[in-house]
$ cat input19.txt   # compact mmCIF, C-alpha atoms
# COMPACT_ATOMS: atom_id res chain seq x y z
CA MET A 928 96.25 30.13 -11.05
CA LYS A 929 97.12 31.63 -14.41
CA HIS A 930 97.40 29.06 -17.13
CA ARG A 931 96.80 30.31 -20.63
CA SER A 932 95.63 27.45 -22.74
CA PHE A 933 94.62 29.65 -25.59
CA VAL A 934 95.15 28.58 -29.15
CA ALA A 935 97.86 30.30 -31.13
CA GLY A 936 98.92 30.30 -34.71
CA LEU A 937 95.97 28.37 -36.07
CA ALA A 938 96.42 27.28 -39.64
CA PHE A 939 93.79 25.55 -41.68
CA ALA A 940 93.58 24.38 -45.27
CA CYS A 941 91.01 22.51 -47.24
CA VAL A 942 92.06 19.61 -49.40
CA ALA A 943 91.96 20.79 -52.99
CA SER A 944 90.85 18.20 -55.52
CA PRO A 945 88.20 17.92 -58.21
CA SER A 946 84.58 18.02 -57.13
CA GLY A 947 82.43 14.97 -57.23
CA ALA A 948 79.40 16.22 -55.36
CA ALA A 949 76.33 14.05 -55.54
CA SER A 950 72.87 15.42 -56.18
CA SER A 951 71.01 16.68 -53.12
CA PRO A 952 68.34 14.46 -51.61
CA PRO A 953 65.09 16.03 -50.37
CA GLY A 954 65.70 18.51 -47.55
CA CYS A 955 69.32 19.07 -48.57
CA THR A 956 70.25 22.14 -50.55
CA ILE A 957 73.80 20.90 -51.03
CA ARG A 958 75.25 17.47 -50.47
CA VAL A 959 78.92 16.67 -49.92
CA ALA A 960 80.48 13.24 -49.79
CA SER A 961 84.24 13.83 -50.04
CA ASP A 962 87.02 16.27 -49.23
CA ALA A 963 86.92 17.25 -52.89
CA ASP A 964 83.28 18.28 -52.55
CA ILE A 965 84.16 20.44 -49.55
CA ALA A 966 87.10 22.04 -51.35
CA ALA A 967 84.91 22.83 -54.34
CA GLN A 968 82.61 24.92 -52.13
CA GLN A 969 85.49 27.30 -51.32
CA GLY A 970 84.44 27.80 -47.72
CA PHE A 971 80.72 27.70 -48.61
CA ALA A 972 80.70 31.51 -48.75
CA ALA A 973 78.25 31.51 -51.65
CA VAL A 974 75.67 29.35 -49.87
CA ARG A 975 72.46 31.26 -49.36
CA PRO A 976 70.68 31.77 -46.01
CA GLY A 977 68.20 29.01 -45.25
CA SER A 978 70.29 26.34 -46.98
CA THR A 979 71.06 22.91 -45.53
CA VAL A 980 74.40 21.30 -46.31
CA CYS A 981 74.13 17.53 -45.90
CA ILE A 982 77.35 15.65 -45.23
CA ALA A 983 77.40 11.96 -46.04
CA PRO A 984 78.69 9.59 -43.36
CA GLY A 985 82.38 8.91 -43.79
CA SER A 986 85.86 10.19 -43.01
CA TYR A 987 87.09 13.65 -43.97
CA GLY A 988 89.94 16.06 -43.31
CA GLN A 989 88.79 19.52 -42.30
CA LEU A 990 85.43 21.24 -42.59
CA ALA A 991 86.28 24.90 -43.22
CA ILE A 992 83.31 27.28 -43.28
CA VAL A 993 84.53 30.77 -44.16
CA GLY A 994 82.62 33.97 -44.84
CA VAL A 995 79.12 32.52 -44.75
CA LYS A 996 76.60 35.27 -44.02
CA ALA A 997 73.21 34.16 -42.72
CA THR A 998 71.04 34.90 -39.69
CA PRO A 999 69.70 32.90 -36.74
CA ALA A 1000 66.23 33.21 -38.30
CA SER A 1001 67.47 31.86 -41.64
CA PRO A 1002 70.62 29.88 -40.89
CA VAL A 1003 72.92 27.81 -43.03
CA THR A 1004 72.90 24.38 -41.41
CA PHE A 1005 75.52 21.63 -41.70
CA VAL A 1006 74.27 18.15 -40.73
CA VAL A 1007 74.96 14.49 -41.32
CA SER A 1008 72.57 12.94 -43.84
CA PRO A 1009 71.54 10.24 -43.75
CA ASP A 1010 72.09 10.13 -40.02
CA THR A 1011 72.62 6.36 -39.99
CA GLY A 1012 76.38 6.88 -39.74
CA ALA A 1013 78.95 9.37 -38.51
CA ALA A 1014 80.73 12.12 -40.43
CA ARG A 1015 84.22 12.24 -38.94
CA PHE A 1016 86.55 15.19 -39.46
CA SER A 1017 90.11 14.33 -38.47
CA ALA A 1018 91.43 17.88 -39.00
CA GLY A 1019 88.65 19.66 -37.14
CA VAL A 1020 86.01 22.26 -37.97
CA LEU A 1021 86.58 25.98 -38.60
CA LEU A 1022 83.97 28.76 -38.58
CA ARG A 1023 85.76 31.94 -39.65
CA ALA A 1024 84.05 35.29 -40.26
CA THR A 1025 80.69 33.52 -40.36
CA SER A 1026 77.26 34.45 -39.06
CA GLY A 1027 74.07 32.45 -38.72
CA VAL A 1028 75.74 29.06 -39.22
CA THR A 1029 74.62 25.93 -37.36
CA VAL A 1030 76.90 22.89 -37.26
CA ALA A 1031 75.23 19.85 -35.73
CA GLY A 1032 75.94 16.19 -35.04
CA LEU A 1033 79.46 15.83 -36.44
CA ASP A 1034 82.46 13.97 -35.02
CA ALA A 1035 85.57 16.15 -34.86
CA SER A 1036 89.14 15.42 -33.80
CA ARG A 1037 92.56 16.92 -34.50
CA ASP A 1038 95.99 15.44 -33.96
CA PRO A 1039 97.37 17.29 -30.91
CA ARG A 1040 100.91 16.63 -32.10
CA ALA A 1041 100.22 19.20 -34.83
CA GLY A 1042 100.71 21.83 -32.12
CA PRO A 1043 98.51 24.38 -30.35
CA GLY A 1044 95.16 24.82 -32.00
CA ALA A 1045 91.56 23.82 -31.44
CA THR A 1046 89.56 20.97 -32.87
CA VAL A 1047 86.61 23.33 -33.42
CA THR A 1048 87.32 27.06 -33.82
CA LEU A 1049 85.11 30.13 -34.17
CA ASP A 1050 87.14 33.27 -34.90
CA VAL A 1051 87.69 36.46 -36.90
CA GLY A 1052 84.35 38.01 -36.01
CA ALA A 1053 82.27 34.84 -36.20
CA HIS A 1054 78.94 35.68 -34.54
CA ASP A 1055 75.46 34.26 -34.00
CA ASN A 1056 76.58 30.72 -34.81
CA VAL A 1057 75.52 27.46 -33.15
CA VAL A 1058 77.79 24.46 -32.51
CA ARG A 1059 75.44 21.74 -31.26
CA GLY A 1060 75.58 18.04 -30.56
CA LEU A 1061 79.14 17.45 -31.74
CA THR A 1062 81.50 14.85 -30.38
CA VAL A 1063 84.82 16.71 -30.09
CA HIS A 1064 87.75 14.62 -28.96
CA ASP A 1065 91.47 13.86 -28.92
CA GLY A 1066 92.93 17.22 -29.85
CA TYR A 1067 95.05 19.91 -28.22
CA VAL A 1068 92.17 22.26 -27.30
CA GLY A 1069 88.59 21.13 -27.84
CA ILE A 1070 86.37 24.07 -28.83
CA SER A 1071 87.71 27.61 -29.02
CA ILE A 1072 85.75 30.85 -29.35
CA GLY A 1073 88.43 33.22 -30.59
CA SER A 1074 92.00 32.50 -31.69
CA SER A 1075 95.25 34.31 -32.41
CA GLU A 1076 93.83 35.01 -35.87
CA GLY A 1077 91.19 37.21 -34.24
CA PRO A 1078 88.38 37.25 -31.70
CA ALA A 1079 84.92 35.89 -32.30
CA GLY A 1080 81.92 38.19 -32.09
CA PRO A 1081 78.80 37.90 -29.89
CA GLY A 1082 75.84 35.57 -30.05
CA ASN A 1083 77.62 32.23 -30.46
CA GLN A 1084 76.19 29.14 -28.76
CA VAL A 1085 78.24 26.05 -27.91
CA ILE A 1086 75.59 23.67 -26.62
CA ASP A 1087 74.96 19.98 -25.98
CA ASN A 1088 78.38 18.79 -27.12
CA VAL A 1089 80.56 15.99 -25.79
CA VAL A 1090 84.10 17.33 -25.42
CA ARG A 1091 86.65 14.83 -24.18
CA ASP A 1092 90.29 13.85 -23.95
CA HIS A 1093 92.18 16.95 -25.00
CA TRP A 1094 95.78 17.67 -24.14
CA ASN A 1095 94.93 21.13 -22.87
CA THR A 1096 91.60 22.93 -22.30
CA GLY A 1097 88.26 21.41 -23.23
CA ILE A 1098 86.37 24.63 -24.14
CA ALA A 1099 88.15 28.01 -24.29
CA VAL A 1100 86.91 31.56 -24.82
CA GLY A 1101 89.54 34.25 -25.29
CA GLU A 1102 91.20 36.98 -27.30
CA PHE A 1103 88.48 39.47 -26.29
CA SER A 1104 85.64 37.41 -27.77
CA ASP A 1105 83.03 39.40 -25.91
CA GLY A 1106 79.36 38.69 -25.87
CA THR A 1107 76.88 41.47 -25.32
CA PRO A 1108 74.71 41.96 -22.21
CA PRO A 1109 73.41 39.93 -20.50
CA GLY A 1110 75.84 37.29 -21.77
CA ASN A 1111 75.09 35.92 -25.18
CA ASN A 1112 78.19 33.96 -26.01
CA VAL A 1113 76.81 30.82 -24.39
CA ILE A 1114 78.51 27.59 -23.32
CA ALA A 1115 75.70 25.35 -22.07
CA ARG A 1116 74.79 21.73 -21.39
CA ASN A 1117 78.11 20.34 -22.60
CA ARG A 1118 79.81 17.31 -21.10
CA VAL A 1119 83.51 18.09 -20.78
CA SER A 1120 85.92 15.46 -19.49
CA GLY A 1121 89.51 14.30 -19.58
CA SER A 1122 91.05 17.72 -20.25
CA GLY A 1123 94.78 17.90 -19.60
CA GLY A 1124 94.35 21.54 -18.56
CA HIS A 1125 91.22 23.45 -17.61
CA GLY A 1126 87.83 21.98 -18.41
CA ILE A 1127 86.39 25.37 -19.44
CA GLU A 1128 88.37 28.62 -19.47
CA ILE A 1129 87.24 32.22 -20.01
CA ASN A 1130 90.21 34.49 -20.73
CA ASP A 1131 90.03 38.24 -21.43
CA SER A 1132 86.39 37.99 -22.55
CA ASN A 1133 83.25 39.59 -21.14
CA TYR A 1134 79.55 38.68 -21.04
CA ILE A 1135 80.07 34.93 -21.40
CA ALA A 1136 77.46 32.56 -19.94
CA VAL A 1137 78.72 29.16 -18.76
CA ARG A 1138 75.60 27.28 -17.74
CA ASP A 1139 74.51 23.75 -16.86
CA ASN A 1140 77.66 21.99 -18.04
CA VAL A 1141 79.04 18.78 -16.54
CA VAL A 1142 82.79 19.18 -16.16
CA ALA A 1143 84.75 16.16 -14.92
CA SER A 1144 88.34 14.97 -14.65
CA SER A 1145 90.07 18.17 -15.73
CA GLY A 1146 93.75 18.86 -15.04
CA THR A 1147 94.81 15.31 -15.80
CA GLY A 1148 98.16 16.62 -16.96
CA VAL A 1149 98.79 13.49 -18.98
CA HIS A 1150 99.69 15.34 -22.17
CA SER A 1151 99.28 18.96 -21.09
CA VAL A 1152 102.06 21.51 -21.05
CA ARG A 1153 104.38 20.98 -18.12
CA GLN A 1154 102.74 23.33 -15.67
CA GLY A 1155 100.08 23.02 -13.03
CA GLY A 1156 97.47 25.53 -12.02
CA TYR A 1157 94.36 23.96 -13.51
CA SER A 1158 90.68 24.20 -12.57
CA GLY A 1159 87.48 22.64 -13.80
CA ILE A 1160 86.16 26.10 -14.74
CA HIS A 1161 88.64 28.97 -14.83
CA LEU A 1162 88.14 32.74 -15.26
CA TYR A 1163 91.26 34.78 -15.85
CA ALA A 1164 92.41 38.14 -17.22
CA SER A 1165 95.91 38.53 -18.57
CA ALA A 1166 96.31 42.08 -17.22
CA PRO A 1167 94.49 44.49 -14.92
CA THR A 1168 92.02 46.96 -16.37
CA THR A 1169 93.46 50.44 -16.78
CA ALA A 1170 92.43 53.55 -18.66
CA ALA A 1171 94.77 52.42 -21.43
CA SER A 1172 93.35 48.89 -21.74
CA PRO A 1173 92.59 48.47 -25.44
CA HIS A 1174 89.43 46.49 -24.82
CA GLY A 1175 88.31 48.13 -21.59
CA ILE A 1176 87.52 45.90 -18.66
CA ARG A 1177 88.72 42.30 -18.95
CA THR A 1178 86.98 39.05 -17.93
CA ALA A 1179 83.97 40.76 -16.40
CA HIS A 1180 80.22 40.23 -16.32
CA ASP A 1181 80.63 36.51 -16.97
CA VAL A 1182 78.14 34.10 -15.40
CA VAL A 1183 79.06 30.59 -14.23
CA ALA A 1184 75.80 28.99 -13.14
CA GLY A 1185 74.24 25.58 -12.62
CA ASN A 1186 77.35 23.59 -13.53
CA GLN A 1187 78.49 20.32 -11.99
CA VAL A 1188 82.25 20.21 -11.48
CA SER A 1189 84.09 17.19 -10.12
CA GLY A 1190 87.34 15.29 -10.25
CA THR A 1191 89.69 18.12 -11.18
CA GLY A 1192 93.18 16.76 -10.66
CA GLU A 1193 96.63 18.20 -10.25
CA ARG A 1194 100.05 16.75 -10.69
CA PRO A 1195 101.40 15.10 -7.53
CA ALA A 1196 102.70 17.57 -4.98
CA ASP A 1197 106.19 16.07 -5.11
CA GLN A 1198 106.48 16.46 -8.89
CA PRO A 1199 108.24 19.68 -9.91
CA CYS A 1200 106.25 22.17 -11.93
CA ASP A 1201 105.43 25.87 -11.93
CA ASP A 1202 101.91 26.96 -11.09
CA GLY A 1203 102.88 30.48 -10.06
CA SER A 1204 103.02 29.79 -6.33
CA GLY A 1205 106.78 29.65 -6.12
CA SER A 1206 106.45 26.38 -4.21
CA GLY A 1207 107.89 24.18 -6.91
CA ALA A 1208 104.81 22.00 -6.62
CA CYS A 1209 101.47 21.92 -8.38
CA THR A 1210 98.91 23.08 -5.87
CA ASP A 1211 95.67 24.08 -7.60
CA GLY A 1212 93.24 21.47 -8.92
CA ASN A 1213 90.27 23.69 -8.03
CA GLY A 1214 86.69 23.04 -9.02
CA ILE A 1215 86.02 26.67 -10.04
CA GLN A 1216 88.55 29.48 -9.85
CA VAL A 1217 88.01 33.21 -10.38
CA ASP A 1218 91.61 34.14 -10.95
CA ARG A 1219 93.78 37.24 -11.32
CA TYR A 1220 92.08 40.50 -12.35
CA ALA A 1221 88.68 38.91 -13.12
CA SER A 1222 85.94 41.18 -11.77
CA LEU A 1223 82.18 41.63 -11.56
CA ASN A 1224 81.49 37.99 -12.40
CA GLU A 1225 78.85 35.68 -10.90
CA VAL A 1226 79.42 32.12 -9.70
CA VAL A 1227 75.93 30.97 -8.81
CA GLY A 1228 74.17 27.68 -8.09
CA ASN A 1229 76.98 25.31 -9.00
CA THR A 1230 77.64 21.90 -7.45
CA VAL A 1231 81.36 21.36 -6.86
CA VAL A 1232 82.44 18.01 -5.42
CA GLY A 1233 85.56 15.89 -5.06
CA ASN A 1234 88.25 18.05 -6.63
CA ALA A 1235 91.94 17.88 -5.71
CA GLY A 1236 92.11 21.49 -4.55
CA ALA A 1237 89.57 24.04 -3.33
CA GLY A 1238 85.95 23.82 -4.37
CA ILE A 1239 85.66 27.51 -5.31
CA SER A 1240 88.71 29.77 -5.24
CA VAL A 1241 88.80 33.55 -5.68
CA TYR A 1242 92.39 34.71 -6.08
CA GLY A 1243 93.48 38.24 -6.91
CA ALA A 1244 90.00 39.04 -8.22
CA THR A 1245 87.57 41.77 -7.16
CA GLY A 1246 83.87 42.47 -6.99
CA ASN A 1247 82.63 38.96 -7.76
CA LEU A 1248 79.48 37.26 -6.46
CA ILE A 1249 79.72 33.72 -5.08
CA LYS A 1250 76.14 32.69 -4.32
CA GLY A 1251 74.04 29.61 -3.68
CA ASN A 1252 76.70 27.04 -4.50
CA VAL A 1253 76.91 23.56 -2.95
CA VAL A 1254 80.55 22.71 -2.30
CA TYR A 1255 81.44 19.39 -0.73
CA GLY A 1256 84.39 17.08 -0.10
CA ASN A 1257 87.08 18.88 -2.07
CA ASN A 1258 90.80 19.16 -1.20
CA GLN A 1259 91.17 15.51 -2.06
CA GLN A 1260 94.72 15.37 -3.35
CA ALA A 1261 96.53 12.84 -1.19
CA GLY A 1262 99.93 13.79 0.13
CA ARG A 1263 99.70 17.45 -0.82
CA ARG A 1264 102.32 19.46 1.05
CA LYS A 1265 100.98 22.91 0.39
CA TYR A 1266 97.55 24.29 -0.35
CA PHE A 1267 97.82 27.33 -2.57
CA PRO A 1268 96.31 29.89 -2.58
CA GLY A 1269 94.68 28.49 0.57
CA PRO A 1270 92.95 25.40 1.93
CA GLY A 1271 89.17 25.37 2.02
CA GLU A 1272 85.95 24.46 0.32
CA ILE A 1273 85.50 28.16 -0.54
CA VAL A 1274 88.63 30.31 -0.56
CA LEU A 1275 89.23 34.06 -0.78
CA SER A 1276 92.96 34.60 -0.94
CA ALA A 1277 95.65 37.11 -1.82
CA VAL A 1278 98.58 34.95 -0.74
CA ASN A 1279 101.78 36.21 -2.47
CA LEU A 1280 99.85 39.27 -3.73
CA PRO A 1281 99.62 42.84 -2.39
CA PHE A 1282 97.18 43.54 0.44
CA GLY A 1283 93.64 44.07 -0.85
CA SER A 1284 94.12 42.22 -4.14
CA THR A 1285 91.06 40.04 -3.41
CA ARG A 1286 88.52 42.59 -2.23
CA GLY A 1287 84.90 43.56 -2.71
CA ASN A 1288 83.68 40.01 -3.26
CA THR A 1289 80.33 38.85 -1.89
CA VAL A 1290 79.89 35.30 -0.59
CA VAL A 1291 76.27 34.56 0.25
CA GLY A 1292 73.90 31.60 0.58
CA ASN A 1293 76.43 28.83 -0.05
CA THR A 1294 76.60 25.44 1.62
CA ALA A 1295 80.19 24.27 2.10
CA THR A 1296 80.99 20.97 3.79
CA THR A 1297 84.53 19.93 4.57
CA THR A 1298 85.46 16.26 4.85
CA VAL A 1299 89.24 16.45 5.12
CA HIS A 1300 91.08 16.82 8.43
CA ARG A 1301 92.54 20.30 8.99
CA ILE A 1302 90.76 21.75 5.95
CA PRO A 1303 88.16 24.44 6.78
CA ALA A 1304 84.89 24.91 4.95
CA PHE A 1305 85.82 28.55 4.36
CA TYR A 1306 89.22 30.22 4.19
CA VAL A 1307 90.12 33.90 3.80
CA SER A 1308 93.74 35.02 3.88
CA ASP A 1309 94.69 37.84 6.23
CA ASN A 1310 95.70 40.12 3.35
CA ALA A 1311 92.70 39.53 1.07
CA GLY A 1312 91.07 42.90 1.67
CA PRO A 1313 87.48 43.92 2.53
CA ASN A 1314 84.90 41.35 1.46
CA ARG A 1315 81.32 40.62 2.46
CA VAL A 1316 80.71 37.08 3.67
CA SER A 1317 77.11 36.76 4.83
CA ALA A 1318 76.03 34.83 7.91
CA ASP A 1319 73.49 32.90 5.82
CA ASN A 1320 76.24 30.68 4.41
CA VAL A 1321 76.29 27.19 5.90
CA TRP A 1322 79.80 26.07 6.92
CA ARG A 1323 80.10 22.57 8.34
CA ARG A 1324 81.96 19.31 8.68
CA ALA A 1325 80.55 16.07 7.37
CA PRO A 1326 79.87 13.40 10.00
CA GLU A 1327 81.63 10.84 7.84
CA SER A 1328 84.85 12.81 8.14
CA GLY A 1329 85.38 11.13 11.52
CA ILE A 1330 85.09 11.70 15.25
CA GLY A 1331 87.52 13.74 17.28
CA LEU A 1332 88.74 15.94 14.44
CA PHE A 1333 89.27 19.19 16.26
CA TRP A 1334 89.29 21.88 13.68
CA GLY A 1335 86.91 24.75 13.16
CA GLU A 1336 84.67 25.24 10.19
CA VAL A 1337 86.06 28.65 9.25
CA TYR A 1338 89.55 30.09 9.01
CA VAL A 1339 89.91 33.87 8.88
CA GLY A 1340 93.22 35.68 9.06
CA LYS A 1341 95.15 32.98 10.94
CA THR A 1342 92.31 32.25 13.39
CA TRP A 1343 90.00 29.22 13.47
CA TYR A 1344 86.33 29.60 14.38
CA ALA A 1345 83.67 27.05 15.14
CA ALA A 1346 80.36 27.22 13.28
CA GLY A 1347 78.50 28.94 16.11
CA GLU A 1348 80.75 31.98 16.14
CA ALA A 1349 81.77 31.98 12.49
CA GLY A 1350 78.61 33.71 11.34
CA ARG A 1351 79.12 36.63 13.68
CA VAL A 1352 82.77 36.98 12.73
CA LEU A 1353 82.15 36.83 8.98
CA GLU A 1354 79.09 39.07 8.89
CA GLY A 1355 81.18 41.92 10.23
CA LEU A 1356 84.30 40.99 8.32
CA ALA A 1357 86.11 43.98 6.85
CA ARG A 1358 89.76 43.20 6.40

$ encode --input "input19.txt" --output "structure tokens"
Amino acid sequence: MKHRSFVAGLAFACVASPSGAASSPPGCTIRVASDADIAAQQGFAAVRPGSTVCIAPGSYGQLAIVGVKATPASPVTFVVSPDTGAARFSAGVLLRATSGVTVAGLDASRDPRAGPGATVTLDVGAHDNVVRGLTVHDGYVGISIGSSEGPAGPGNQVIDNVVRDHWNTGIAVGEFSDGTPPGNNVIARNRVSGSGGHGIEINDSNYIAVRDNVVASSGTGVHSVRQGGYSGIHLYASAPTTAASPHGIRTAHDVVAGNQVSGTGERPADQPCDDGSGSGACTDGNGIQVDRYASLNEVVGNTVVGNAGAGISVYGATGNLIKGNVVYGNNQQAGRRKYFPGPGEIVLSAVNLPFGSTRGNTVVGNTATTTVHRIPAFYVSDNAGPNRVSADNVWRRAPESGIGLFWGEVYVGKTWYAAGEAGRVLEGLAR
């Protein structure tokens, strides 16, 4: 379900004090060892392409990199040197209006009580930057591409980071921070865990590649805003695409591939909250959700296991491809009274939406195994609209789910089907 986690009203300031920069050791163009050294660089805008900024181990406030202009072939690189200790930034890292900057190996946090904002932010046209190998922890949002100050540009890579224990979303892309075809704003090989909200969210942004991440224990809700509706990976558009849409199509041509998603939670079903279902209970907790108005996206080759809600949910979204995923043993929330937008390992649903709101999606080559009594491997609501669900999907129950559990593997429009007939029903499905 909708749950904007996006950062708003970001404000950053360097600590201004006299410079005491040490001389640069070999391999370092510039060396900084204090907040005063960082402030003296005035955002490092004058640093030339090909430079290396070495940061001494220690504790700092914020690392603000503003207006640096370099290229991927001749980047400006920020690293810890010597790498025998950690460089810890307690007020986060900002890349604003930068290009060709690489930030590697730092430790970044930000007090979440300071209000909405990200621990690491790329915004105001920042493009072709690399954020690699950081430990990003204990903030409100972890890493954000785009902010209320302005969207990021294309070509950014957020790779190989550990992102943990944030009050809201772990990694967010939004504010129309589009990549360019085939998807070159890249979020890859990160380990994202303990997010109060979504693990990874793409919001109003196109051509984003979310690949080979491990996303665990999202939707903890411990410190998140008091709403439910969380997923491990979440795609969402804030409004439908119309001829008047200022940025054209929204949340389209994104690729979610090769990720491992597990342990997404949701607040207990008897605890009041608002997830958009009107049920008064939190009822999402999905592994991956393609949510309202998201279109022409690909969810391919993911492994989705042991989440509180559905494994993969498509809700109010059109023209998406769900292919080659392995989805197993989801719908794990004990005592849940209502499954919204529908119970299943893979769900296509338009519950509470107009007829045809979830149409034109293709579901092919997936393996979905249900382990929970009365939960089907595949669910499509009777008002979803025309979709193509190929007979080469494998829908089944796990033997360990017990003997004598008499439910079918597939639920279509208020009718249960066993595996033998499900393929025939779904192959010709046009509702």

$ residues_around --input "input19.txt" --residues "Ser1026 in chain A" --least-positions-apart "3" --cutoff "8 Å" --atoms "only C-alpha atoms" --output "list of chain:residue names"
A:Gly994, A:Val995, A:Lys996, A:Ala997, A:Thr998, A:Ala1053, A:His1054, A:Asp1055, A:Asn1056

$ atom_distance --input "input19.txt" --atom1 "CA of Asn1288 in chain A" --atom2 "CA of Val1182 in chain A"
14.6 Å

$ atom_distance --input "input19.txt" --atom1 "CA of Thr1062 in chain A" --atom2 "CA of Gly1032 in chain A"
7.4 Å

$ atom_distance --input "input19.txt" --atom1 "CA of Glu1272 in chain A" --atom2 "CA of Ile1176 in chain A"
28.7 Å

$ closest_residue --input "input19.txt" --among "A:Gly1159, A:Pro976, A:Pro1009, A:Gly1287" --to "Gly1123 in chain A" --atoms "all atoms listed in the file"
A:Gly1159

$ closest_residue --input "input19.txt" --among "A:Asp1218, A:Asp1010, A:Asp1038, A:Asp1319" --to "Thr1178 in chain A" --atoms "only C-alpha atoms"
A:Asp1218

$ residues_around --input "input19.txt" --residues "Ile1070 in chain A" --least-positions-apart "4" --cutoff "9 Å" --atoms "all atoms listed in the file" --output "VMD selection string"
chain A and resid 1045 to 1049 1063 1085 1090 1096 to 1100

$ residues_around --input "input19.txt" --residues "range 1130-1146 of chain A" --least-positions-apart "6" --cutoff "7 Å" --atoms "all atoms listed in the file" --output "number ranges by chain"
A: 1100-1124, 1157-1159, 1162-1165, 1177-1193, 1212
